[in-house]
$ cat target.cif   # mmCIF, C-alpha atoms
data_final
loop_
_atom_site.label_atom_id
_atom_site.label_comp_id
_atom_site.auth_asym_id
_atom_site.auth_seq_id
_atom_site.Cartn_x
_atom_site.Cartn_y
_atom_site.Cartn_z
CA MET A 1 -39.23 81.79 56.51
CA LYS A 2 -36.97 80.00 54.03
CA LYS A 3 -35.51 83.33 52.91
CA ARG A 4 -34.76 84.35 56.50
CA THR A 5 -33.18 80.99 57.16
CA GLY A 6 -30.90 81.41 54.14
CA GLN A 7 -29.86 84.85 55.32
CA LEU A 8 -29.18 83.50 58.80
CA ILE A 9 -26.99 80.75 57.34
CA ARG A 10 -24.98 83.31 55.33
CA VAL A 11 -24.53 85.48 58.40
CA LEU A 12 -23.40 82.52 60.50
CA THR A 13 -21.00 81.46 57.74
CA VAL A 14 -19.42 84.93 57.63
CA VAL A 15 -19.12 85.01 61.42
CA LEU A 16 -17.55 81.54 61.51
CA LEU A 17 -15.07 82.43 58.74
CA ALA A 18 -14.20 85.68 60.47
CA SER A 19 -13.68 83.89 63.80
CA SER A 20 -11.42 81.37 62.06
CA ALA A 21 -9.42 84.14 60.42
CA VAL A 22 -9.08 85.96 63.75
CA ALA A 23 -7.85 82.80 65.45
CA GLN A 24 -5.37 82.13 62.67
CA ALA A 25 -4.05 85.69 62.57
CA THR A 26 -3.83 85.80 66.35
CA THR A 27 -1.99 82.47 66.51
CA VAL A 28 0.54 83.39 63.83
CA SER A 29 1.15 86.84 65.29
CA ALA A 30 1.52 85.45 68.81
CA THR A 31 4.10 82.94 67.60
CA THR A 32 5.98 85.68 65.79
CA ILE A 33 5.86 87.97 68.81
CA ASP A 34 7.08 85.22 71.16
CA SER A 35 9.96 84.49 68.77
CA GLU A 36 10.88 88.19 68.52
CA ARG A 37 10.77 88.58 72.30
CA SER A 38 12.93 85.51 72.79
CA GLN A 39 15.50 86.76 70.29
CA LEU A 40 15.39 90.22 71.85
CA ALA A 41 16.08 88.77 75.32
CA GLN A 42 18.98 86.74 73.95
CA GLY A 43 20.36 89.82 72.20
CA LYS A 44 20.19 91.87 75.40
CA SER A 45 21.99 89.12 77.31
CA GLN A 46 24.68 89.00 74.64
CA LYS A 47 24.95 92.79 74.81
CA GLN A 48 25.71 92.59 78.54
CA ASN A 49 28.33 89.88 77.98
CA LEU A 50 29.99 91.85 75.20
CA ALA A 51 30.01 94.99 77.35
CA ALA A 52 31.72 93.08 80.17
CA GLN A 53 34.30 91.69 77.74
CA LEU A 54 34.91 95.17 76.33
CA GLU A 55 35.49 96.60 79.80
CA THR A 56 38.04 93.86 80.56
CA LEU A 57 39.85 94.35 77.25
CA GLN A 58 39.84 98.13 77.59
CA SER A 59 41.37 97.83 81.06
CA LYS A 60 44.08 95.61 79.58
CA VAL A 61 44.79 98.20 76.85
CA TRP A 62 45.04 100.97 79.45
CA GLY A 63 47.39 98.78 81.49
CA TYR A 64 49.62 98.31 78.45
CA ASP A 65 49.52 102.06 77.82
CA LYS A 66 50.87 102.73 81.32
CA GLN A 67 53.57 100.08 80.97
CA VAL A 68 54.71 101.47 77.61
CA VAL A 69 54.92 104.97 79.11
CA ALA A 70 56.97 103.61 82.03
CA LYS A 71 59.30 101.77 79.62
CA ASN A 72 59.77 104.94 77.57
CA GLN A 73 60.73 106.82 80.72
CA ALA A 74 63.14 104.05 81.76
CA ILE A 75 64.73 104.03 78.28
CA THR A 76 65.17 107.80 78.44
CA GLN A 77 66.82 107.51 81.85
CA ALA A 78 69.10 104.74 80.55
CA GLU A 79 70.11 106.90 77.58
CA ASP A 80 70.84 109.84 79.91
CA ALA A 81 72.97 107.56 82.11
CA ILE A 82 74.89 106.28 79.06
CA THR A 83 75.50 109.85 77.90
CA ALA A 84 76.74 110.86 81.37
CA SER A 85 78.98 107.78 81.48
CA GLN A 86 80.47 108.63 78.10
CA LYS A 87 81.24 112.16 79.27
CA ARG A 88 82.83 110.76 82.42
CA LEU A 89 84.96 108.40 80.33
CA GLN A 90 86.08 111.32 78.17
CA VAL A 91 87.11 113.28 81.27
CA ILE A 92 89.06 110.28 82.65
CA ALA A 93 90.73 109.68 79.29
CA THR A 94 91.79 113.35 79.18
CA LYS A 95 93.25 113.09 82.70
CA ILE A 96 95.13 109.93 81.75
CA ASP A 97 96.60 111.74 78.75
CA THR A 98 97.58 114.66 81.00
CA THR A 99 99.19 112.31 83.54
CA THR A 100 101.07 110.48 80.80
CA THR A 101 102.41 113.84 79.60
CA LYS A 102 103.47 114.71 83.14
CA LEU A 103 105.39 111.44 83.43
CA LYS A 104 107.07 112.13 80.12
CA ASN A 105 107.98 115.65 81.23
CA ARG A 106 109.24 114.36 84.55
CA ARG A 107 111.56 111.93 82.78
CA SER A 108 112.81 114.81 80.61
CA VAL A 109 113.55 116.83 83.76
CA LEU A 110 115.47 113.93 85.28
CA LYS A 111 117.45 113.52 82.10
CA GLU A 112 118.33 117.19 82.10
CA GLN A 113 119.37 117.01 85.74
CA LEU A 114 121.70 114.12 84.97
CA ILE A 115 123.24 116.07 82.12
CA GLN A 116 123.89 119.08 84.37
CA LEU A 117 125.37 116.91 87.07
CA GLN A 118 127.56 115.18 84.54
CA LYS A 119 128.87 118.52 83.32
CA GLN A 120 129.81 119.43 86.87
CA SER A 121 131.69 116.12 87.35
CA THR A 122 135.27 116.34 86.03
CA SER A 123 135.71 112.65 85.58
CA SER A 124 133.81 109.43 86.20
CA VAL A 125 135.00 107.33 89.10
CA SER A 126 132.16 104.99 89.94
CA GLY A 127 130.12 105.20 86.75
CA ASN A 128 127.19 106.65 88.74
CA ILE A 129 126.57 110.30 87.93
CA TYR A 130 125.24 111.12 91.40
CA VAL A 131 128.25 109.48 93.13
CA ASP A 132 130.72 111.03 90.74
CA PHE A 133 129.07 114.40 91.32
CA ILE A 134 129.68 114.02 95.06
CA PHE A 135 133.26 112.67 94.69
CA SER A 136 134.27 115.55 92.45
CA SER A 137 133.78 118.01 95.34
CA ASP A 138 136.78 120.30 95.95
CA ASN A 139 136.46 120.29 99.73
CA LEU A 140 134.50 118.89 102.63
CA SER A 141 131.95 121.71 102.66
CA GLU A 142 131.22 121.28 98.97
CA LEU A 143 131.04 117.52 99.51
CA PHE A 144 128.44 117.99 102.20
CA SER A 145 126.49 120.47 100.09
CA ARG A 146 126.50 118.20 97.05
CA THR A 147 125.42 115.23 99.16
CA LEU A 148 122.42 117.18 100.40
CA THR A 149 121.60 118.33 96.90
CA VAL A 150 121.72 114.80 95.49
CA GLY A 151 119.57 113.53 98.36
CA LYS A 152 116.93 116.19 97.85
CA LEU A 153 116.87 115.68 94.10
CA ASN A 154 116.60 111.95 94.48
CA GLN A 155 113.81 112.22 97.07
CA ALA A 156 111.89 114.82 95.07
CA ASN A 157 112.16 112.83 91.89
CA GLN A 158 111.02 109.65 93.57
CA GLN A 159 108.04 111.38 95.16
CA ALA A 160 107.06 113.07 91.91
CA MET A 161 107.37 109.90 89.88
CA ALA A 162 105.46 107.89 92.49
CA ALA A 163 102.67 110.49 92.71
CA VAL A 164 102.26 110.70 88.97
CA SER A 165 102.40 106.93 88.53
CA GLU A 166 99.89 106.39 91.30
CA SER A 167 97.54 108.98 89.81
CA LYS A 168 97.77 107.32 86.42
CA ALA A 169 97.09 103.89 87.93
CA GLU A 170 94.02 105.23 89.73
CA LEU A 171 92.74 106.83 86.55
CA VAL A 172 93.25 103.63 84.56
CA SER A 173 91.39 101.65 87.23
CA LEU A 174 88.57 104.23 87.25
CA LYS A 175 88.34 104.09 83.48
CA ASP A 176 88.06 100.28 83.55
CA GLU A 177 85.32 100.56 86.16
CA GLN A 178 83.48 103.19 84.11
CA ASP A 179 83.80 101.03 80.99
CA GLN A 180 82.11 98.13 82.77
CA LYS A 181 79.40 100.43 84.08
CA GLN A 182 78.69 101.79 80.61
CA LYS A 183 78.51 98.27 79.15
CA GLY A 184 75.95 97.42 81.83
CA LEU A 185 73.94 100.53 80.96
CA VAL A 186 73.96 99.62 77.27
CA VAL A 187 72.81 96.06 78.05
CA ASN A 188 70.06 97.40 80.31
CA LYS A 189 68.86 99.81 77.63
CA ALA A 190 68.74 96.99 75.05
CA LYS A 191 66.69 94.92 77.49
CA LEU A 192 64.27 97.80 78.06
CA VAL A 193 63.85 98.32 74.30
CA THR A 194 63.11 94.59 73.82
CA GLU A 195 60.55 94.66 76.64
CA LYS A 196 58.95 97.78 75.18
CA THR A 197 58.68 96.13 71.75
CA ALA A 198 56.89 93.16 73.31
CA LEU A 199 54.55 95.50 75.22
CA VAL A 200 53.71 97.52 72.10
CA LYS A 201 52.91 94.30 70.22
CA ALA A 202 50.67 93.08 73.05
CA GLN A 203 49.08 96.54 73.20
CA GLN A 204 48.32 96.45 69.46
CA GLN A 205 46.83 92.97 69.75
CA ALA A 206 44.64 94.06 72.65
CA GLN A 207 43.54 97.17 70.77
CA GLY A 208 42.70 94.99 67.75
CA ALA A 209 40.60 92.77 70.00
CA VAL A 210 38.84 95.89 71.34
CA THR A 211 38.10 97.07 67.79
CA ASN A 212 36.70 93.65 66.81
CA LEU A 213 34.59 93.55 69.95
CA GLN A 214 33.27 97.06 69.28
CA THR A 215 32.24 95.87 65.81
CA LYS A 216 30.39 92.94 67.39
CA ILE A 217 28.73 95.29 69.87
CA ALA A 218 27.64 97.59 67.04
CA ALA A 219 26.24 94.63 65.08
CA ASN A 220 24.46 93.38 68.20
CA GLN A 221 23.02 96.84 68.79
CA ASP A 222 21.75 96.96 65.21
CA LEU A 223 20.22 93.51 65.70
CA LEU A 224 18.51 94.59 68.92
CA GLU A 225 17.08 97.67 67.28
CA ASN A 226 15.87 95.65 64.29
CA LEU A 227 14.27 93.09 66.61
CA GLN A 228 12.62 95.89 68.58
CA VAL A 229 11.20 97.35 65.36
CA SER A 230 10.07 93.89 64.22
CA LEU A 231 8.43 93.24 67.60
CA GLN A 232 6.56 96.53 67.46
CA THR A 233 5.55 95.83 63.87
CA ALA A 234 4.36 92.31 64.71
CA THR A 235 2.39 93.57 67.72
CA ALA A 236 0.76 96.32 65.66
CA ALA A 237 0.03 93.86 62.86
CA GLN A 238 -1.64 91.48 65.32
CA LYS A 239 -3.93 94.20 66.61
CA ALA A 240 -4.68 95.51 63.13
CA ALA A 241 -5.44 92.02 61.79
CA ALA A 242 -7.85 91.31 64.64
CA LYS A 243 -9.69 94.59 64.15
CA LYS A 244 -9.76 94.22 60.37
CA VAL A 245 -11.24 90.71 60.43
CA VAL A 246 -13.86 91.44 63.08
CA ALA A 247 -14.95 94.70 61.45
CA GLN A 248 -14.58 93.49 57.86
CA PRO A 249 -17.72 94.28 55.78
CA LEU A 250 -19.19 91.83 53.27
CA ALA A 251 -18.22 94.20 50.43
CA THR A 252 -15.12 96.38 50.38
CA THR A 253 -14.02 99.30 48.28
CA PRO A 254 -10.38 99.37 47.02
CA ASN A 255 -8.15 101.95 48.75
CA VAL A 256 -6.19 103.92 46.19
CA ASN A 257 -3.67 105.02 48.89
CA ALA A 258 -2.95 101.47 50.12
CA GLY A 259 0.78 100.78 50.43
CA ARG A 260 1.81 104.43 50.45
CA PRO A 261 3.63 105.35 53.71
CA SER A 262 2.45 108.29 55.75
CA VAL A 263 4.71 111.32 55.47
CA ASN A 264 4.36 114.43 57.60
CA HIS A 265 6.97 117.18 57.63
CA SER A 266 4.73 119.87 58.97
CA GLY A 267 6.72 120.32 62.20
CA ALA A 268 10.35 121.15 63.01
CA ASN A 269 13.18 118.78 62.14
CA PRO A 270 13.22 116.24 65.02
CA TYR A 271 16.88 115.29 64.52
CA ALA A 272 19.89 117.07 66.04
CA TRP A 273 21.25 119.88 63.89
CA GLY A 274 24.58 119.09 62.27
CA GLN A 275 23.95 115.33 62.14
CA CYS A 276 23.62 113.32 58.93
CA THR A 277 20.05 112.37 59.93
CA TRP A 278 19.10 116.04 60.25
CA TYR A 279 20.31 116.76 56.72
CA ALA A 280 18.68 113.67 55.13
CA TYR A 281 15.35 114.54 56.76
CA GLN A 282 15.62 118.16 55.65
CA ARG A 283 16.79 117.37 52.08
CA SER A 284 14.33 114.58 51.28
CA GLY A 285 11.16 116.19 52.58
CA TRP A 286 9.59 112.77 53.19
CA ALA A 287 11.83 110.80 55.59
CA GLY A 288 10.40 109.59 58.89
CA GLY A 289 10.97 111.65 62.00
CA HIS A 290 12.09 108.95 64.44
CA TRP A 291 14.13 106.46 62.47
CA GLY A 292 17.14 106.36 64.83
CA ASN A 293 20.77 106.54 63.74
CA GLY A 294 21.75 106.54 60.07
CA GLY A 295 22.50 102.81 60.01
CA GLN A 296 18.98 102.04 61.33
CA TRP A 297 17.02 103.99 58.72
CA GLY A 298 16.58 101.03 56.36
CA TYR A 299 14.88 98.89 59.02
CA SER A 300 12.76 101.76 60.30
CA ALA A 301 11.68 102.78 56.79
CA ARG A 302 10.74 99.21 55.85
CA ALA A 303 8.67 98.90 59.02
CA ALA A 304 6.95 102.19 58.11
CA GLY A 305 5.97 100.82 54.69
CA PHE A 306 8.63 102.35 52.46
CA THR A 307 10.32 100.43 49.63
CA VAL A 308 13.81 99.48 50.82
CA ASN A 309 16.34 97.54 48.73
CA ASN A 310 19.88 97.64 47.30
CA THR A 311 18.92 99.30 44.03
CA PRO A 312 20.31 102.83 43.63
CA ALA A 313 18.07 105.62 42.35
CA ALA A 314 18.18 109.39 42.22
CA GLY A 315 15.96 110.92 44.89
CA ALA A 316 16.38 107.99 47.27
CA ILE A 317 17.97 108.07 50.71
CA VAL A 318 21.05 105.85 51.06
CA SER A 319 21.88 104.27 54.43
CA PHE A 320 25.31 102.96 55.46
CA GLY A 321 25.81 100.48 58.29
CA GLY A 322 28.21 101.14 61.15
CA GLY A 323 31.79 100.54 60.00
CA GLN A 324 30.77 100.45 56.31
CA LEU A 325 33.03 102.19 53.79
CA VAL A 326 31.64 105.44 52.35
CA GLY A 327 33.98 106.15 49.46
CA ASN A 328 37.29 106.89 51.18
CA TRP A 329 36.10 107.01 54.81
CA VAL A 330 34.26 104.71 57.22
CA ALA A 331 30.86 105.25 58.82
CA ALA A 332 31.03 105.39 62.63
CA PRO A 333 30.63 101.94 64.25
CA GLY A 334 27.35 101.68 66.13
CA TYR A 335 25.86 104.72 64.34
CA GLY A 336 26.29 104.37 60.60
CA HIS A 337 25.53 107.16 58.17
CA VAL A 338 22.71 108.40 55.91
CA ALA A 339 22.72 110.66 52.85
CA TYR A 340 20.55 111.80 49.92
CA VAL A 341 21.16 110.42 46.40
CA GLU A 342 21.38 113.39 44.06
CA SER A 343 22.10 111.30 40.96
CA TYR A 344 22.88 107.77 39.79
CA ASN A 345 25.23 107.01 36.87
CA ALA A 346 24.53 103.46 35.69
CA ALA A 347 27.34 103.63 33.12
CA THR A 348 30.05 104.24 35.71
CA GLY A 349 28.28 102.46 38.56
CA THR A 350 28.46 105.49 40.83
CA ILE A 351 26.12 107.67 42.84
CA THR A 352 26.56 111.30 43.83
CA ILE A 353 25.30 111.98 47.34
CA SER A 354 24.75 115.08 49.41
CA GLN A 355 25.18 114.81 53.15
CA GLY A 356 25.60 116.59 56.44
CA GLY A 357 27.47 115.81 59.65
CA MET A 358 29.92 117.26 62.14
CA GLY A 359 32.86 115.64 60.33
CA PHE A 360 32.34 117.85 57.25
CA GLY A 361 33.28 121.45 56.59
CA SER A 362 29.57 122.29 56.48
CA PRO A 363 27.75 120.22 59.16
CA ALA A 364 24.33 121.34 57.87
CA GLY A 365 25.30 120.39 54.29
CA PRO A 366 25.23 120.00 51.47
CA ASN A 367 28.54 118.13 51.19
CA LEU A 368 28.75 116.35 47.82
CA GLN A 369 30.60 113.08 47.24
CA THR A 370 30.67 110.56 44.39
CA ILE A 371 31.16 106.90 45.36
CA GLY A 372 31.10 103.47 43.72
CA ASN A 373 30.20 99.96 44.91
CA VAL A 374 26.60 101.14 44.80
CA GLY A 375 25.05 97.69 45.21
CA ALA A 376 26.45 97.36 48.72
CA TYR A 377 24.28 100.08 50.23
CA THR A 378 20.68 100.26 51.46
CA TYR A 379 18.33 102.58 49.56
CA ILE A 380 15.03 103.98 50.89
CA HIS A 381 12.89 105.03 47.94
CA SER A 382 10.64 108.04 47.84
CA PRO A 383 6.90 107.35 48.21
CA TYR A 384 6.10 109.92 45.51
#
$ encode --input "target.cif" --output "C-alpha cells"
Amino acid sequence: MKKRTGQLIRVLTVVLLASSAVAQATTVSATTIDSERSQLAQGKSQKQNLAAQLETLQSKVWGYDKQVVAKNQAITQAEDAITASQKRLQVIATKIDTTTTKLKNRRSVLKEQLIQLQKQSTSSVSGNIYVDFIFSSDNLSELFSRTLTVGKLNQANQQAMAAVSESKAELVSLKDEQDQKQKGLVVNKAKLVTEKTALVKAQQQAQGAVTNLQTKIAANQDLLENLQVSLQTATAAQKAAAKKVVAQPLATTPNVNAGRPSVNHSGANPYAWGQCTWYAYQRSGWAGGHWGNGGQWGYSARAAGFTVNNTPAAGAIVSFGGGQLVGNWVAAPGYGHVAYVESYNAATGTITISQGGMGFGSPAGPNLQTIGNVGAYTYIHSPY
C-alpha cells in the first residue's frame, strides 16, 4: 500500500508540473501572439496610410510632368515667334535700305535734270534754273512748251519724292513696332524659362519624396512579412509546446537531428524561372521552397531553423534587403536580392557570389560578381 501511495504521489507530481509548464508556455505564447497581432495590425494600417500618401505624391509628380511638357511647348513656340520676328525685321531693314537707295537715286536724277536745264539756259536772270529755263525761250510756243515741261518735271519729282519718303517712314515705323514686339517675345520666353526651372525643381523634390516614401513602404512591407512569419512561428511554437509538455515521457532519449532544418528538394523549383530566388534555390540544393522575395529569405530561414547571421562563409546564401547596395548596383526596393556565396576572401574582405535574375545577361545564371562590405549582408548557412 505504501509503495502504491508513493507511486501515486510521483504521478501526481509529474502531472502537476506538466500542467504548470503547459499554463506557463500557453501564457507566454499567448502574450507573444497578441503582441505580434497588434503590431501586425498597426503595420497594415500604416501600409494603407503610406499607400494613400504615395498616390497623392505620384499624382503631384504627374501634374508637374504635364506642366513641364506644356512649358517646353510654350518655350518652343516663343522661340519660333522670335525667329519669325527676326526674319521680318531683316526683310524690313532690307526694304528700308532699298528705299534709302531710291531716294538717293531720285536726288541724283533731279540734280542731273537741273544740270541739263542749266545748259539749255543761255544766261541766268532770276537765279532759279526752272524760271531761267522758261525765260530763255525763243518764242511764245517754246515758252509754253517749256512751261509745261517744267510743271510736269516738278510735279513728277514731288510725287516721286513724297512716295519714296512716305514708304520709308512707314517702313521705319513698322521696324520700330517689330522691334517692340520682338523685345516682348524675348521677355516672355525668359519668363517661361524661369517658370519651367521652378517647375523642374518642384518636380524633382516631389519625385524625391516619392522615392523616400517608396523606401518606407518597402521597409513597412518587410516588417509586415517578418511579423507574419513571427506570428506563425509563435502560434506553431505554442501548439508544439502544449503537445510536448502533455505528452512528455518521464525519460527521454536525445535526438541527434535536433536543430537541423528540414530540407526537401525532391520536387520542381517552386520559384519563377529567371528570378534570383530561382537560381539560389537551384544552386544551393537546400534552400526553402517558399521563402518569399530575396530580401525576406533571412527571416524565413531563421523561422525554419537555419543559422542566420552577418558572418560570410563559402557555401552560404547571401540576402540583400530592398534598396541595399550590391557592389555597384542597388537591389530592387520592396524585393531585395539573393545569391550564392561561391567563396570568401578574409584577407581582402570580399565575397564572390553567383546569381541569377532578369537584369543579367544570363537570367538563369550563373552571373559571378565580387563585392566588399561583407559584414553588411545577411547570410543563411548551410545545414550540412
$ residues_around --input "target.cif" --residues "range 98-105 of chain A" --least-positions-apart "6" --cutoff "10 Å" --atoms "only C-alpha atoms" --output "VMD selection string"
chain A and resid 92 111 160 to 169 171
$ resolve_selection --input "target.cif" --expression "the PyMOL selection byres ((chain A and resi 313) around 9)" --output "PyMOL selection string"
chain A and resi 311-312+314-317+341-344+351+379+381
$ closest_residue --input "target.cif" --among "A:Arg37, A:His290, A:Lys71, A:Lys87" --to "Lys175 in chain A" --atoms "all atoms listed in the file"
A:Lys87
$ closest_residue --input "target.cif" --among "A:Leu185, A:Met358, A:Leu213, A:Leu231" --to "Ala81 in chain A" --atoms "all atoms listed in the file"
A:Leu185
$ closest_residue --input "target.cif" --among "A:Gln275, A:Phe360, A:Arg88, A:Ile353" --to "Gly336 in chain A" --atoms "all atoms listed in the file"
A:Gln275
$ atom_distance --input "target.cif" --atom1 "CA of Arg106 in chain A" --atom2 "CA of Asn157 in chain A"
8.0 Å
$ closest_residue --input "target.cif" --among "A:His337, A:Arg107, A:Lys183, A:Arg302" --to "Ile380 in chain A" --atoms "all atoms listed in the file"
A:Arg302
$ resolve_selection --input "target.cif" --expression "the PyMOL selection byres ((chain A and resi 192) around 9)" --output "list of chain:residue names"
A:Lys71, A:Asn72, A:Ala74, A:Ile75, A:Ala78, A:Val187, A:Asn188, A:Lys189, A:Ala190, A:Lys191, A:Val193, A:Thr194, A:Glu195, A:Lys196, A:Thr197
$ write_last_selection --input "target.cif" --atoms "C-alpha atoms" --output "CSV table (one decimal), in the coordinates of the input"
chain,number,residue,atom,x,y,z
A,71,LYS,CA,59.3,101.8,79.6
A,72,ASN,CA,59.8,104.9,77.6
A,74,ALA,CA,63.1,104.0,81.8
A,75,ILE,CA,64.7,104.0,78.3
A,78,ALA,CA,69.1,104.7,80.6
A,187,VAL,CA,72.8,96.1,78.0
A,188,ASN,CA,70.1,97.4,80.3
A,189,LYS,CA,68.9,99.8,77.6
A,190,ALA,CA,68.7,97.0,75.0
A,191,LYS,CA,66.7,94.9,77.5
A,193,VAL,CA,63.8,98.3,74.3
A,194,THR,CA,63.1,94.6,73.8
A,195,GLU,CA,60.6,94.7,76.6
A,196,LYS,CA,59.0,97.8,75.2
A,197,THR,CA,58.7,96.1,71.8
$ closest_residue --input "target.cif" --among "A:Val68, A:Ala280, A:Ala304, A:Ala219" --to "Gly322 in chain A" --atoms "all atoms listed in the file"
A:Ala219
$ atom_distance --input "target.cif" --atom1 "CA of Ala218 in chain A" --atom2 "CA of Ala268 in chain A"
29.5 Å
$ atom_distance --input "target.cif" --atom1 "CA of Ile217 in chain A" --atom2 "CA of Gln46 in chain A"
8.9 Å
$ closest_residue --input "target.cif" --among "A:Ser300, A:Ser284, A:Gln42, A:Ser136" --to "Ser354 in chain A" --atoms "all atoms listed in the file"
A:Ser284
$ resolve_selection --input "target.cif" --expression "the PyMOL selection byres ((chain A and resi 371) around 6)" --output "JSON, numbers by chain"
{"A": [327, 350, 351, 370, 372]}
$ residues_around --input "target.cif" --residues "Lys44 in chain A" --least-positions-apart "3" --cutoff "12 Å" --atoms "only C-alpha atoms" --output "PyMOL selection string"
chain A and resi 37-41+47-51+217+220-225+227-228
$ write_last_selection --input "target.cif" --atoms "C-alpha atoms" --output "PDB file, in the coordinates of the input"
ATOM      1  CA  ARG A  37      10.770  88.580  72.300  1.00  0.00           C
ATOM      2  CA  SER A  38      12.930  85.510  72.790  1.00  0.00           C
ATOM      3  CA  GLN A  39      15.500  86.760  70.290  1.00  0.00           C
ATOM      4  CA  LEU A  40      15.390  90.220  71.850  1.00  0.00           C
ATOM      5  CA  ALA A  41      16.080  88.770  75.320  1.00  0.00           C
ATOM      6  CA  LYS A  47      24.950  92.790  74.810  1.00  0.00           C
ATOM      7  CA  GLN A  48      25.710  92.590  78.540  1.00  0.00           C
ATOM      8  CA  ASN A  49      28.330  89.880  77.980  1.00  0.00           C
ATOM      9  CA  LEU A  50      29.990  91.850  75.200  1.00  0.00           C
ATOM     10  CA  ALA A  51      30.010  94.990  77.350  1.00  0.00           C
ATOM     11  CA  ILE A 217      28.730  95.290  69.870  1.00  0.00           C
ATOM     12  CA  ASN A 220      24.460  93.380  68.200  1.00  0.00           C
ATOM     13  CA  GLN A 221      23.020  96.840  68.790  1.00  0.00           C
ATOM     14  CA  ASP A 222      21.750  96.960  65.210  1.00  0.00           C
ATOM     15  CA  LEU A 223      20.220  93.510  65.700  1.00  0.00           C
ATOM     16  CA  LEU A 224      18.510  94.590  68.920  1.00  0.00           C
ATOM     17  CA  GLU A 225      17.080  97.670  67.280  1.00  0.00           C
ATOM     18  CA  LEU A 227      14.270  93.090  66.610  1.00  0.00           C
ATOM     19  CA  GLN A 228      12.620  95.890  68.580  1.00  0.00           C
TER      20      GLN A 228
END
$ residues_around --input "target.cif" --residues "Thr277 in chain A" --least-positions-apart "3" --cutoff "12 Å" --atoms "all atoms listed in the file" --output "NGL selection string"
:A and (269-274 or 280-284 or 287-297 or 317-320 or 335-340 or 354-358 or 363-365)
$ write_last_selection --input "target.cif" --atoms "C-alpha atoms" --output "mmCIF file, in the coordinates of the input"
data_model
loop_
_atom_site.group_PDB
_atom_site.id
_atom_site.type_symbol
_atom_site.label_atom_id
_atom_site.label_comp_id
_atom_site.auth_asym_id
_atom_site.auth_seq_id
_atom_site.Cartn_x
_atom_site.Cartn_y
_atom_site.Cartn_z
ATOM 1 C CA ASN A 269 13.180 118.780 62.140
ATOM 2 C CA PRO A 270 13.220 116.240 65.020
ATOM 3 C CA TYR A 271 16.880 115.290 64.520
ATOM 4 C CA ALA A 272 19.890 117.070 66.040
ATOM 5 C CA TRP A 273 21.250 119.880 63.890
ATOM 6 C CA GLY A 274 24.580 119.090 62.270
ATOM 7 C CA ALA A 280 18.680 113.670 55.130
ATOM 8 C CA TYR A 281 15.350 114.540 56.760
ATOM 9 C CA GLN A 282 15.620 118.160 55.650
ATOM 10 C CA ARG A 283 16.790 117.370 52.080
ATOM 11 C CA SER A 284 14.330 114.580 51.280
ATOM 12 C CA ALA A 287 11.830 110.800 55.590
ATOM 13 C CA GLY A 288 10.400 109.590 58.890
ATOM 14 C CA GLY A 289 10.970 111.650 62.000
ATOM 15 C CA HIS A 290 12.090 108.950 64.440
ATOM 16 C CA TRP A 291 14.130 106.460 62.470
ATOM 17 C CA GLY A 292 17.140 106.360 64.830
ATOM 18 C CA ASN A 293 20.770 106.540 63.740
ATOM 19 C CA GLY A 294 21.750 106.540 60.070
ATOM 20 C CA GLY A 295 22.500 102.810 60.010
ATOM 21 C CA GLN A 296 18.980 102.040 61.330
ATOM 22 C CA TRP A 297 17.020 103.990 58.720
ATOM 23 C CA ILE A 317 17.970 108.070 50.710
ATOM 24 C CA VAL A 318 21.050 105.850 51.060
ATOM 25 C CA SER A 319 21.880 104.270 54.430
ATOM 26 C CA PHE A 320 25.310 102.960 55.460
ATOM 27 C CA TYR A 335 25.860 104.720 64.340
ATOM 28 C CA GLY A 336 26.290 104.370 60.600
ATOM 29 C CA HIS A 337 25.530 107.160 58.170
ATOM 30 C CA VAL A 338 22.710 108.400 55.910
ATOM 31 C CA ALA A 339 22.720 110.660 52.850
ATOM 32 C CA TYR A 340 20.550 111.800 49.920
ATOM 33 C CA SER A 354 24.750 115.080 49.410
ATOM 34 C CA GLN A 355 25.180 114.810 53.150
ATOM 35 C CA GLY A 356 25.600 116.590 56.440
ATOM 36 C CA GLY A 357 27.470 115.810 59.650
ATOM 37 C CA MET A 358 29.920 117.260 62.140
ATOM 38 C CA PRO A 363 27.750 120.220 59.160
ATOM 39 C CA ALA A 364 24.330 121.340 57.870
ATOM 40 C CA GLY A 365 25.300 120.390 54.290
#
